[in-house]
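Participant: I'm passing along start-v4.csv; it holds CSV, C-alpha atoms and all ligand atoms.
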chain,number,residue,atom,x,y,z
U,681,MET,CA,19.2,-22.4,15.2
U,682,ALA,CA,18.5,-18.8,16.1
U,683,LEU,CA,20.5,-17.2,18.7
U,684,ILE,CA,18.3,-16.3,21.7
U,685,MET,CA,18.9,-13.2,23.8
U,686,LYS,CA,18.7,-14.2,27.4
U,687,ASP,CA,20.1,-12.1,30.2
U,688,SER,CA,21.8,-13.2,33.4
U,689,PHE,CA,18.6,-13.0,35.3
U,690,GLY,CA,16.9,-15.5,33.0
U,691,ARG,CA,14.8,-13.0,31.1
U,692,ILE,CA,14.4,-13.8,27.4
U,693,LEU,CA,14.5,-10.6,25.4
U,694,ASP,CA,12.3,-11.3,22.4
U,695,TYR,CA,10.5,-7.9,22.1
U,696,ILE,CA,12.1,-4.8,20.6
U,697,ARG,CA,10.7,-1.3,20.4
U,698,ILE,CA,12.1,0.7,17.5
U,699,SER,CA,11.6,4.4,17.2
U,700,VAL,CA,11.4,5.5,13.6
U,701,THR,CA,11.4,9.2,14.3
U,702,ASP,CA,11.6,11.7,17.2
U,703,ARG,CA,9.3,14.0,15.4
U,704,CYS,CA,5.7,14.5,16.4
U,705,ASN,CA,2.7,16.7,15.5
U,706,PHE,CA,1.6,16.9,19.2
U,707,ARG,CA,3.4,18.6,22.1
U,708,CYS,CA,2.1,16.6,25.0
U,709,ARG,CA,2.9,18.3,28.3
U,710,TYR,CA,4.5,15.2,29.8
U,711,CYS,CA,6.7,14.7,26.8
U,712,MET,CA,8.1,17.9,25.4
U,713,PRO,CA,8.0,21.7,25.8
U,714,GLU,CA,5.5,23.8,23.9
U,715,GLU,CA,8.0,24.9,21.3
U,716,GLY,CA,9.0,21.3,20.7
U,717,ILE,CA,12.5,20.0,21.0
U,718,ASP,CA,15.4,20.3,18.6
U,719,TRP,CA,14.5,17.7,16.0
U,720,ILE,CA,17.3,15.3,15.2
U,721,PRO,CA,18.5,16.0,11.6
U,722,HIS,CA,17.4,13.4,9.1
U,723,ASP,CA,20.9,12.3,8.3
U,724,LYS,CA,21.4,11.3,12.0
U,725,ILE,CA,18.4,9.0,12.2
U,726,MET,CA,18.1,5.4,10.9
U,727,SER,CA,17.0,5.2,7.3
U,728,TYR,CA,14.4,2.6,6.5
U,729,GLU,CA,17.2,0.5,4.9
U,730,ASP,CA,19.1,0.7,8.3
U,731,ILE,CA,15.9,-0.5,10.1
U,732,ARG,CA,15.3,-3.2,7.6
U,733,PHE,CA,18.8,-4.5,8.1
U,734,LEU,CA,18.3,-4.2,11.9
U,735,VAL,CA,15.1,-6.3,11.7
U,736,SER,CA,16.9,-9.0,9.7
U,737,VAL,CA,19.5,-9.3,12.4
U,738,LEU,CA,16.9,-9.4,15.1
U,739,ALA,CA,14.9,-12.1,13.3
U,740,ASP,CA,18.0,-14.3,13.6
U,741,MET,CA,18.3,-13.5,17.3
U,742,GLY,CA,15.0,-14.9,18.2
U,743,VAL,CA,13.0,-11.7,18.3
U,744,LYS,CA,9.3,-12.4,18.0
U,745,ARG,CA,7.7,-9.0,18.3
U,746,ILE,CA,8.7,-5.6,17.1
U,747,ARG,CA,6.8,-2.4,18.0
U,748,PHE,CA,7.4,0.7,15.9
U,749,THR,CA,7.1,3.9,17.8
U,750,GLY,CA,8.0,7.6,17.4
U,751,GLY,CA,7.6,10.5,18.2
U,752,GLU,CA,4.6,9.8,16.0
U,753,PRO,CA,5.6,7.1,13.4
U,754,PHE,CA,2.9,8.0,10.9
U,755,VAL,CA,4.4,11.5,10.4
U,756,ARG,CA,7.5,9.9,8.8
U,757,ARG,CA,7.2,9.8,5.1
U,758,GLY,CA,6.9,6.3,3.6
U,759,PHE,CA,6.1,4.7,7.0
U,760,LEU,CA,3.1,2.7,5.6
U,761,GLN,CA,5.1,1.3,2.7
U,762,PHE,CA,7.9,0.5,5.1
U,763,ILE,CA,5.7,-1.5,7.4
U,764,THR,CA,4.1,-3.3,4.4
U,765,SER,CA,7.6,-4.4,3.3
U,766,ILE,CA,8.6,-5.5,6.8
U,767,ARG,CA,5.4,-7.6,7.1
U,768,ARG,CA,6.1,-9.2,3.7
U,769,GLU,CA,9.8,-10.0,4.4
U,770,PHE,CA,9.7,-11.0,8.0
U,771,ARG,CA,6.7,-13.2,8.5
U,772,SER,CA,7.9,-14.7,11.7
U,773,ILE,CA,7.9,-11.4,13.5
U,774,ALA,CA,4.7,-9.9,14.8
U,775,VAL,CA,4.5,-6.2,14.1
U,776,ALA,CA,2.8,-3.5,16.3
U,777,VAL,CA,2.7,0.2,16.0
U,778,THR,CA,2.1,2.9,18.7
U,779,THR,CA,0.5,6.2,17.6
U,780,ASN,CA,-1.1,9.3,18.9
U,781,GLY,CA,-4.0,8.7,16.6
U,782,SER,CA,-3.9,12.0,14.8
U,783,LEU,CA,-3.4,10.4,11.3
U,784,LEU,CA,-5.6,7.3,11.7
U,785,GLU,CA,-8.4,9.0,9.9
U,786,ARG,CA,-6.2,9.7,6.9
U,787,TYR,CA,-4.6,6.3,6.7
U,788,ALA,CA,-7.3,3.9,8.1
U,789,ASP,CA,-7.7,1.9,4.8
U,790,GLU,CA,-4.0,1.3,4.4
U,791,ILE,CA,-3.5,0.5,8.1
U,792,ALA,CA,-6.3,-2.1,7.8
U,793,THR,CA,-4.2,-4.0,5.2
U,794,LEU,CA,-1.0,-4.1,7.3
U,795,GLY,CA,-1.9,-7.2,9.3
U,796,LEU,CA,-0.7,-5.5,12.6
U,797,GLN,CA,-0.7,-7.6,15.7
U,798,SER,CA,-1.8,-4.5,17.5
U,799,LEU,CA,-2.2,-0.8,17.0
U,800,ASN,CA,-1.8,1.1,20.2
U,801,VAL,CA,-3.4,4.5,20.4
U,802,SER,CA,-2.4,6.9,23.2
U,803,LEU,CA,-5.6,8.6,24.5
U,804,ASP,CA,-5.7,10.3,27.9
U,805,THR,CA,-9.1,12.0,27.8
U,806,LEU,CA,-12.4,12.1,26.1
U,807,ASP,CA,-12.9,15.8,26.8
U,808,PRO,CA,-12.0,17.9,23.8
U,809,GLU,CA,-10.7,20.9,25.8
U,810,LYS,CA,-8.6,18.7,28.1
U,811,PHE,CA,-7.3,16.9,25.0
U,812,ALA,CA,-6.3,20.2,23.4
U,813,GLU,CA,-4.7,21.2,26.7
U,814,ILE,CA,-2.6,18.2,27.3
U,815,THR,CA,-1.5,17.6,23.7
U,816,ARG,CA,-1.3,21.4,23.0
U,817,THR,CA,-1.9,20.8,19.2
U,818,GLY,CA,-4.2,17.8,19.1
U,819,GLU,CA,-7.9,17.7,18.1
U,820,LEU,CA,-9.8,15.0,19.9
U,821,GLU,CA,-12.6,14.6,17.3
U,822,ARG,CA,-10.1,13.7,14.6
U,823,VAL,CA,-8.5,11.0,16.8
U,824,LEU,CA,-11.9,9.6,17.7
U,825,ARG,CA,-13.0,9.5,14.1
U,826,GLY,CA,-9.7,7.7,13.3
U,827,ILE,CA,-10.2,5.1,16.1
U,828,ALA,CA,-13.8,4.5,14.9
U,829,LEU,CA,-12.5,3.9,11.3
U,830,VAL,CA,-9.7,1.5,12.2
U,831,SER,CA,-11.9,-0.3,14.7
U,832,ALA,CA,-14.6,-0.8,12.0
U,833,ALA,CA,-11.9,-2.1,9.7
U,834,GLY,CA,-11.0,-4.8,12.2
U,835,VAL,CA,-7.6,-3.6,13.3
U,836,PRO,CA,-6.7,-5.0,16.7
U,837,LEU,CA,-6.7,-1.9,18.9
U,838,LYS,CA,-5.3,-1.0,22.2
U,839,ILE,CA,-5.8,2.3,23.9
U,840,ASN,CA,-3.2,3.5,26.4
U,841,THR,CA,-4.2,6.0,29.0
U,842,VAL,CA,-1.8,7.7,31.4
U,843,VAL,CA,-3.9,8.5,34.6
U,844,ILE,CA,-3.1,11.9,36.1
U,845,ARG,CA,-4.8,13.1,39.3
U,846,GLY,CA,-6.7,16.4,38.7
U,847,PHE,CA,-6.8,15.7,35.0
U,848,ASN,CA,-8.5,12.5,34.0
U,849,LEU,CA,-8.9,10.2,37.0
U,850,GLU,CA,-12.7,10.9,37.0
U,851,GLU,CA,-12.8,9.8,33.4
U,852,VAL,CA,-11.8,6.2,34.1
U,853,PRO,CA,-15.4,4.8,33.9
U,854,ALA,CA,-16.1,6.8,30.6
U,855,LEU,CA,-12.9,5.6,29.1
U,856,ILE,CA,-13.8,1.9,29.9
U,857,ARG,CA,-17.2,2.3,28.3
U,858,TYR,CA,-15.6,4.0,25.3
U,859,ALA,CA,-13.1,1.2,24.8
U,860,ALA,CA,-15.9,-1.4,24.9
U,861,GLN,CA,-17.9,0.5,22.3
U,862,ASN,CA,-14.9,0.5,20.0
U,863,GLY,CA,-13.7,-3.1,20.6
U,864,ALA,CA,-10.4,-1.8,22.0
U,865,LEU,CA,-8.3,-3.2,24.8
U,866,LEU,CA,-7.8,-0.3,27.3
U,867,ARG,CA,-4.7,-0.2,29.5
U,868,PHE,CA,-4.3,2.4,32.2
U,869,ILE,CA,-0.7,3.4,32.9
U,870,GLU,CA,0.6,5.0,36.1
U,871,PHE,CA,2.1,8.4,35.5
U,872,MET,CA,5.8,7.6,35.4
U,873,PRO,CA,8.5,10.1,36.6
U,874,LEU,CA,10.5,10.0,33.4
U,875,ASP,CA,10.9,13.7,33.4
U,876,ALA,CA,11.3,15.4,36.8
U,877,ASP,CA,10.2,18.7,35.4
U,878,VAL,CA,6.7,17.5,34.5
U,879,TRP,CA,6.1,14.8,37.0
U,880,SER,CA,4.6,15.5,40.5
U,881,GLN,CA,3.8,13.2,43.3
U,882,ARG,CA,0.4,14.8,43.7
U,883,GLN,CA,-0.6,14.0,40.2
U,884,TYR,CA,0.5,10.4,40.4
U,885,VAL,CA,-2.3,7.9,40.9
U,886,PRO,CA,-1.5,4.3,42.1
U,887,ALA,CA,-3.0,1.4,40.2
U,888,ASN,CA,-5.2,0.3,43.1
U,889,GLU,CA,-6.9,3.7,43.1
U,890,VAL,CA,-7.5,3.5,39.4
U,891,ILE,CA,-9.0,0.1,39.7
U,892,SER,CA,-11.3,1.4,42.5
U,893,MET,CA,-12.9,3.7,39.9
U,894,PHE,CA,-13.8,0.8,37.5
U,895,PRO,CA,-17.6,0.9,36.9
U,896,GLY,CA,-20.2,-1.8,37.4
U,897,PRO,CA,-22.3,-3.7,36.7
U,898,GLY,CA,-20.4,-6.8,37.5
U,899,SER,CA,-17.2,-7.2,39.3
U,900,TRP,CA,-13.7,-7.0,38.0
U,901,LEU,CA,-11.6,-10.1,38.4
U,902,CYS,CA,-8.1,-11.0,37.6
U,903,ALA,CA,-7.6,-12.3,34.1
U,904,GLN,CA,-4.4,-14.1,33.4
U,905,GLY,CA,-2.0,-14.2,30.5
U,906,VAL,CA,-3.6,-13.6,27.2
U,907,ASP,CA,-5.0,-10.3,25.9
U,908,GLN,CA,-7.9,-10.1,23.6
U,909,ASN,CA,-5.6,-9.6,20.6
U,910,GLY,CA,-4.3,-13.0,21.1
U,911,ALA,CA,-0.9,-12.0,22.2
U,912,ASP,CA,0.7,-13.9,25.1
U,913,THR,CA,1.4,-11.4,27.8
U,914,PRO,CA,3.1,-13.4,30.6
U,915,ASN,CA,6.2,-11.2,30.1
U,916,GLY,CA,4.2,-8.0,29.4
U,917,PRO,CA,3.9,-5.2,31.8
U,918,ALA,CA,0.1,-5.2,32.0
U,919,ARG,CA,-2.2,-7.0,34.5
U,920,TYR,CA,-5.6,-7.6,33.2
U,921,LEU,CA,-9.0,-7.5,34.9
U,922,ARG,CA,-12.1,-9.0,33.4
U,923,ASN,CA,-15.6,-7.9,34.1
U,924,SER,CA,-17.8,-10.8,35.3
U,925,ASP,CA,-20.9,-9.5,33.4
U,926,THR,CA,-19.6,-8.2,30.2
U,927,GLY,CA,-16.3,-10.1,29.7
U,928,GLN,CA,-14.5,-6.8,28.9
U,929,GLU,CA,-10.9,-6.8,29.8
U,930,VAL,CA,-9.0,-3.7,31.1
U,931,GLY,CA,-5.2,-3.6,31.7
U,932,ILE,CA,-3.2,-1.9,34.4
U,933,ILE,CA,0.4,-1.0,33.9
U,934,SER,CA,1.6,-0.3,37.4
U,935,ALA,CA,5.1,0.9,36.4
U,936,VAL,CA,5.6,2.9,39.6
U,937,SER,CA,3.7,1.1,42.4
U,938,ASP,CA,4.7,-2.4,41.4
U,939,HIS,CA,7.3,-2.2,38.8
U,940,PHE,CA,7.7,-5.1,36.6
U,941,CYS,CA,11.3,-5.2,35.8
U,942,HIS,CA,11.6,-8.9,36.7
U,943,THR,CA,9.4,-9.8,33.8
U,944,CYS,CA,10.8,-7.2,31.3
U,945,ASN,CA,11.4,-8.8,27.9
U,946,ARG,CA,12.2,-5.7,25.9
U,947,LEU,CA,14.9,-3.6,24.6
U,948,ARG,CA,14.5,-0.2,22.8
U,949,VAL,CA,16.3,1.2,19.8
U,950,THR,CA,16.1,5.0,19.4
U,951,SER,CA,15.6,6.6,16.1
U,952,THR,CA,19.3,7.5,16.1
U,953,GLY,CA,20.2,3.8,16.3
U,954,GLU,CA,21.0,3.5,19.9
U,955,ILE,CA,20.1,0.4,21.9
U,956,ARG,CA,18.6,1.3,25.3
U,957,PRO,CA,18.5,-1.6,27.7
U,958,CYS,CA,16.2,0.2,30.2
U,959,LEU,CA,13.6,3.0,30.0
U,960,PHE,CA,14.8,4.4,33.3
U,961,SER,CA,18.4,4.7,32.2
U,962,ASN,CA,20.1,6.9,29.7
U,963,ALA,CA,22.8,4.3,29.0
U,964,GLY,CA,22.8,3.2,25.4
U,965,ILE,CA,24.9,1.5,22.8
U,966,SER,CA,25.1,3.1,19.3
U,967,ILE,CA,24.7,0.7,16.4
U,968,ILE,CA,24.1,3.3,13.6
U,969,GLU,CA,27.5,2.8,11.9
U,970,SER,CA,27.2,-1.0,12.0
U,971,LEU,CA,23.7,-0.7,10.5
U,972,LYS,CA,25.0,1.5,7.7
U,973,ASP,CA,27.9,-1.0,7.1
U,974,HIS,CA,25.5,-3.9,7.1
U,975,ASP,CA,27.8,-5.5,9.8
U,976,ALA,CA,25.5,-8.1,11.3
U,977,ASP,CA,28.2,-9.4,13.7
U,978,ALA,CA,28.7,-5.9,15.2
U,979,VAL,CA,25.0,-5.4,15.6
U,980,ARG,CA,24.6,-8.8,17.2
U,981,GLU,CA,27.5,-8.1,19.6
U,982,ALA,CA,26.0,-4.7,20.5
U,983,PHE,CA,22.7,-6.4,21.4
U,984,LEU,CA,24.4,-9.1,23.4
U,985,MET,CA,26.3,-6.3,25.3
U,986,ALA,CA,23.0,-4.5,25.9
U,987,VAL,CA,21.5,-7.7,27.2
U,988,LYS,CA,24.5,-8.2,29.5
U,989,HIS,CA,24.0,-4.7,30.9
U,990,LYS,CA,20.3,-4.7,31.2
U,991,PRO,CA,19.6,-3.8,34.8
U,992,HIS,CA,17.8,-6.3,36.9
U,993,GLU,CA,15.7,-3.5,38.2
U,994,GLY,CA,15.4,-0.1,36.5
U,995,GLY,CA,13.5,1.0,39.5
U,996,THR,CA,10.5,3.3,39.4
U,997,GLY,CA,12.3,6.4,38.4
U,998,LEU,CA,11.0,8.0,41.6
U,999,PRO,CA,13.2,10.2,43.6
U,1000,VAL,CA,14.2,9.0,47.1
U,1001,ALA,CA,11.3,9.6,49.6
U,1002,ASN,CA,10.8,13.2,50.6
U,1003,ALA,CA,9.7,13.7,54.2
U,1004,ASP,CA,8.0,17.0,53.3
U,1005,ASP,CA,5.9,15.4,50.6
U,1006,PRO,CA,4.2,12.3,52.0
U,1007,GLY,CA,2.0,10.5,49.6
U,1008,VAL,CA,2.4,7.0,48.3
U,1009,PRO,CA,5.5,5.4,49.9
U,1010,LEU,CA,8.5,6.1,47.7
U,1011,ARG,CA,11.2,3.6,47.0
U,1012,PRO,CA,14.7,4.6,46.1
U,1013,ILE,CA,15.7,3.6,42.7
U,1014,ALA,CA,17.2,0.1,42.8
U,1015,CYS,CA,19.2,-0.4,39.8
U,1016,VAL,CA,22.1,-2.6,38.9
U,1017,ASP,CA,24.4,-0.8,36.5
U,1018,LYS,CA,22.0,2.2,36.3
U,1019,GLU,CA,23.6,5.2,34.6
U,1020,GLU,CA,26.8,3.2,34.2
U,1021,PRO,CA,27.5,3.0,30.5
U,1022,PRO,CA,28.5,-0.3,29.1
U,1023,VAL,CA,32.3,-0.2,28.9
U,1024,GLY,CA,33.7,0.8,25.6
U,1025,SER,CA,30.3,0.9,24.0
U,1026,GLY,CA,30.2,4.5,22.8
U,1027,CYS,CA,27.2,5.1,24.9
U,1028,SER,CA,25.5,8.4,25.4
U,1029,THR,CA,23.4,10.0,28.0
U,1030,ALA,CA,20.9,12.0,25.9
U,1031,GLU,CA,17.9,13.6,27.6
U,1032,ARG,CA,14.9,11.4,28.3
U,1033,HIS,CA,12.3,13.1,26.2
U,1034,MET,CA,9.8,10.3,25.5
U,1035,SER,CA,9.6,11.2,21.9
U,1036,ARG,CA,13.3,10.4,21.7
U,1037,ILE,CA,13.3,7.2,23.7
U,1038,GLY,CA,10.2,5.9,21.8
U,1039,GLY,CA,7.9,5.7,24.8
Z,1101,LIG,S1,5.6,11.5,21.1
Z,1101,LIG,FE1,3.7,10.9,22.1
Z,1101,LIG,S2,3.7,11.9,24.1
Z,1101,LIG,FE2,5.3,12.9,22.9
Z,1101,LIG,S3,4.3,14.7,22.0
Z,1101,LIG,FE3,4.0,13.0,20.5
Z,1101,LIG,S4,2.1,12.1,21.0
Z,1101,LIG,FE4,2.7,13.3,22.7
Would you give me this structure, written as structure tokens?
Ligand code: SF4
Facilitator:
Amino acid sequence: MALIMKDSFGRILDYIRISVTDRCNFRCRYCMPEEGIDWIPHDKIMSYEDIRFLVSVLADMGVKRIRFTGGEPFVRRGFLQFITSIRREFRSIAVAVTTNGSLLERYADEIATLGLQSLNVSLDTLDPEKFAEITRTGELERVLRGIALVSAAGVPLKINTVVIRGFNLEEVPALIRYAAQNGALLRFIEFMPLDADVWSQRQYVPANEVISMFPGPGSWLCAQGVDQNGADTPNGPARYLRNSDTGQEVGIISAVSDHFCHTCNRLRVTSTGEIRPCLFSNAGISIIESLKDHDADAVREAFLMAVKHKPHEGGTGLPVANADDPGVPLRPIACVDKEEPPVGSGCSTAERHMSRIGG
């Protein structure tokens, strides 16, 4: 019988996000500086063979879903062939990919054959100038053409939009219409303070304000549980609303105003082979050597240690309330074991660039 990862708070951890690269062809303002970051040398990141071995261990530990992320995963050479082989070898695991959409146009035909459970595209605006501004190097039209192609090919699509006041809040209705036209499940995500240098209280928009922008006709009512791609989401971070007239569903990920730690069913593995129990903590456990040695016991032990040290609440990442900057009420970070590395785990506290954490 497969070992199941269950933490001391009763959460079953059956969803793993694996970053295959920290590299990206965009330079999104909320992710990295214009000049990029120092890319991690190739010999320091997991090889596909390392990741394949990791997936084989995870399959025996009851993991049901794996999402591959970056940076931008499609920039890594051989990624499509790698996913094809993972799908073939591990049929019990649902595979999803998160992308910035820049290479969908080029690879749409191949992506359509992968049998992905979902392809998540990050898209924050439908305005070409704003898109170029926030991604610094991105071209909106290319992304939209790619989305149209994979949508027409029947790939289950999700669009993730980070809502930022003064940037894209007014686009909420247009984005909802765009998602409907492309058969995509749209999820709005609150702007998370992962990086204090780029996050500002004034740009943060709480979920309720985003929902108040949803357009008619029809009203938006709570939809429970299952998203339109057929994936159970009781442990997922999104709440869904369904339009009473059209049946369209739109998700809200209120990571800040109503953080969802109590339902968190995920662990992350960085491209350098480090298990991260919580997005809001830099604590991690390195498994890269164990992967290279094909030491399944050591990998399992590291995951069990990560599960043991997974915080009950990673908090919102918000700083403690500042009397000079009233806005939405701030809560202090409430975190069990936050920033305290697992004992004897060889953990690190690398910077929290999203491209390194894997989003
Ligand atoms: S990893 Fe994602 S958020 Fe970061 S620069 Fe690339 S596309 Fe933008």
Participant: Identify which of the residues U:Ser736, U:Asn848, U:Thr701, U:Thr805 lies closest to Leu971 in chain U, counting all atoms listed in the file when measuring atom-to-atom distances.
Facilitator: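 Closest candidate: U:Ser736.
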Participant: Do you know which residues are at most 12 Å from Ile684 in chain U counting all atoms listed in the file, after dropping those on the same chain fewer than 2 positions away, and could you put them as a PDB file with C-alpha atoms, in the frame of the given file?
Facilitator:
ATOM      1  CA  MET U 681      19.200 -22.400  15.200  1.00  0.00           C
ATOM      2  CA  ALA U 682      18.500 -18.800  16.100  1.00  0.00           C
ATOM      3  CA  LYS U 686      18.700 -14.200  27.400  1.00  0.00           C
ATOM      4  CA  ASP U 687      20.100 -12.100  30.200  1.00  0.00           C
ATOM      5  CA  GLY U 690      16.900 -15.500  33.000  1.00  0.00           C
ATOM      6  CA  ARG U 691      14.800 -13.000  31.100  1.00  0.00           C
ATOM      7  CA  ILE U 692      14.400 -13.800  27.400  1.00  0.00           C
ATOM      8  CA  LEU U 693      14.500 -10.600  25.400  1.00  0.00           C
ATOM      9  CA  ASP U 694      12.300 -11.300  22.400  1.00  0.00           C
ATOM     10  CA  TYR U 695      10.500  -7.900  22.100  1.00  0.00           C
ATOM     11  CA  VAL U 737      19.500  -9.300  12.400  1.00  0.00           C
ATOM     12  CA  LEU U 738      16.900  -9.400  15.100  1.00  0.00           C
ATOM     13  CA  ALA U 739      14.900 -12.100  13.300  1.00  0.00           C
ATOM     14  CA  ASP U 740      18.000 -14.300  13.600  1.00  0.00           C
ATOM     15  CA  MET U 741      18.300 -13.500  17.300  1.00  0.00           C
ATOM     16  CA  GLY U 742      15.000 -14.900  18.200  1.00  0.00           C
ATOM     17  CA  VAL U 743      13.000 -11.700  18.300  1.00  0.00           C
ATOM     18  CA  LYS U 744       9.300 -12.400  18.000  1.00  0.00           C
ATOM     19  CA  ASN U 945      11.400  -8.800  27.900  1.00  0.00           C
ATOM     20  CA  ARG U 980      24.600  -8.800  17.200  1.00  0.00           C
ATOM     21  CA  PHE U 983      22.700  -6.400  21.400  1.00  0.00           C
ATOM     22  CA  LEU U 984      24.400  -9.100  23.400  1.00  0.00           C
ATOM     23  CA  VAL U 987      21.500  -7.700  27.200  1.00  0.00           C
TER      24      VAL U 987
END
Participant: If we count all atoms listed in the file and set the cut-off at 7 Å, which residues sit around range 879-886 of chain U, ignoring sequence neighbours fewer than 5 positions away in its own chain? Please answer as a PyMOL selection string.
Facilitator: chain U and resi 843-846+870-871+873+937
Participant: Of the residues U:Ser802, U:Asn923, U:Ser970, U:Thr778, which is the one nearest to Leu824 in chain U, using all atoms listed in the file?
Facilitator: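 Comparing U:Ser802, U:Asn923, U:Ser970, U:Thr778 against Leu824 in chain U, the winner is U:Ser802.
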Participant: Calculated over all atoms listed in the file, which of the candidates U:Val949, U:Ile965, U:Ala832, U:Ala812 has the smallest distance to Val700 in chain U?
Facilitator: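 Residue with the minimum atom-to-atom distance to Val700 in chain U: U:Val949.
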Participant: Return the single residue from U:Leu760, U:Ile720, U:Ile746, U:Leu921 that is closest to Ser899 in chain U, with distances computed using all atoms listed in the file.
Facilitator: U:Leu921
Participant: Taking all atoms listed in the file into account, name the residue in U:Arg703, U:Arg922, U:Arg771, U:His722 that is nearest to ligand LIG 1101 (chain Z).
Facilitator: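 Closest residue, counting all atoms listed in the file: U:Arg703.
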Participant: Any idea what the distance is between CA of Lys810 in chain U and CA of Ala776 in chain U?
Facilitator: 27.6 Å
Participant: Counting all atoms listed in the file, name the residues that have an atom within 10 Å of an atom of ligand LIG 1101 (chain Z); the answer should be given as a ChimeraX atom specification.
Facilitator: /U:701-714,716-717,749-753,778-782,801-803,814-818,1033-1039
Participant: How many Å separate CA of Ala864 in chain U from CA of Leu820 in chain U?
Facilitator: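 CA of Ala864 in chain U sits 16.9 Å away from CA of Leu820 in chain U.
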Participant: Take CA of Ala963 in chain U and CA of Ile725 in chain U and report the distance between them in Å, one decimal.
Facilitator: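 About the pair CA of Ala963 in chain U and CA of Ile725 in chain U: they are 18.0 Å apart.
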Participant: Between U:Pro991, U:Phe868, U:Glu813, U:Ser772, which residue has the minimum interatomic distance to Asn962 in chain U, considering only C-alpha atoms?
Facilitator: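 Closest candidate: U:Pro991.
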Participant: Contacts of Ala774 in chain U at 12 Å or less, counting only C-alpha atoms, minus same-chain residues fewer than 6 places along, as a PyMOL selection string?
Facilitator: chain U and resi 694-697+735+739+742-748+763+766-768+794-799+909-912
Participant: Just the residues within 12 Å of Gly863 in chain U, please, counting only C-alpha atoms, with nothing from its chain fewer than 2 positions along; format it as a compact mmCIF listing (two decimals) with C-alpha atoms, keeping the file's coordinate frame.
Facilitator:
# COMPACT_ATOMS: atom_id res chain seq x y z
CA ILE U 827 -10.20 5.10 16.10
CA ALA U 828 -13.80 4.50 14.90
CA LEU U 829 -12.50 3.90 11.30
CA VAL U 830 -9.70 1.50 12.20
CA SER U 831 -11.90 -0.30 14.70
CA ALA U 832 -14.60 -0.80 12.00
CA ALA U 833 -11.90 -2.10 9.70
CA GLY U 834 -11.00 -4.80 12.20
CA VAL U 835 -7.60 -3.60 13.30
CA PRO U 836 -6.70 -5.00 16.70
CA LEU U 837 -6.70 -1.90 18.90
CA LYS U 838 -5.30 -1.00 22.20
CA ILE U 839 -5.80 2.30 23.90
CA ILE U 856 -13.80 1.90 29.90
CA ARG U 857 -17.20 2.30 28.30
CA TYR U 858 -15.60 4.00 25.30
CA ALA U 859 -13.10 1.20 24.80
CA ALA U 860 -15.90 -1.40 24.90
CA GLN U 861 -17.90 0.50 22.30
CA LEU U 865 -8.30 -3.20 24.80
CA LEU U 866 -7.80 -0.30 27.30
CA GLN U 908 -7.90 -10.10 23.60
CA ASN U 909 -5.60 -9.60 20.60
CA GLY U 927 -16.30 -10.10 29.70
CA GLN U 928 -14.50 -6.80 28.90
CA GLU U 929 -10.90 -6.80 29.80
CA VAL U 930 -9.00 -3.70 31.10
Participant: Find the spatial neighbours of Ile869 in chain U, counting only C-alpha atoms, within a cut-off of 7 Å - ignore same-chain residues fewer than 6 positions away - and output them as a PDB file with C-alpha atoms, in the coordinates of the input.
Facilitator:
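result_28.pdb written:
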ATOM      1  CA  ASN U 840      -3.200   3.500  26.400  1.00  0.00           C
ATOM      2  CA  THR U 841      -4.200   6.000  29.000  1.00  0.00           C
ATOM      3  CA  VAL U 842      -1.800   7.700  31.400  1.00  0.00           C
ATOM      4  CA  VAL U 843      -3.900   8.500  34.600  1.00  0.00           C
ATOM      5  CA  ILE U 932      -3.200  -1.900  34.400  1.00  0.00           C
ATOM      6  CA  ILE U 933       0.400  -1.000  33.900  1.00  0.00           C
ATOM      7  CA  SER U 934       1.600  -0.300  37.400  1.00  0.00           C
TER       8      SER U 934
END
Participant: Which polymer residues, protein or nucleic acid, are no farther than 9 Å from (-6.9, -3.4, 39.8), counting all atoms listed in the file, as number ranges by chain?
Facilitator: U: 887-892, 894, 900-902, 919-921, 930-932
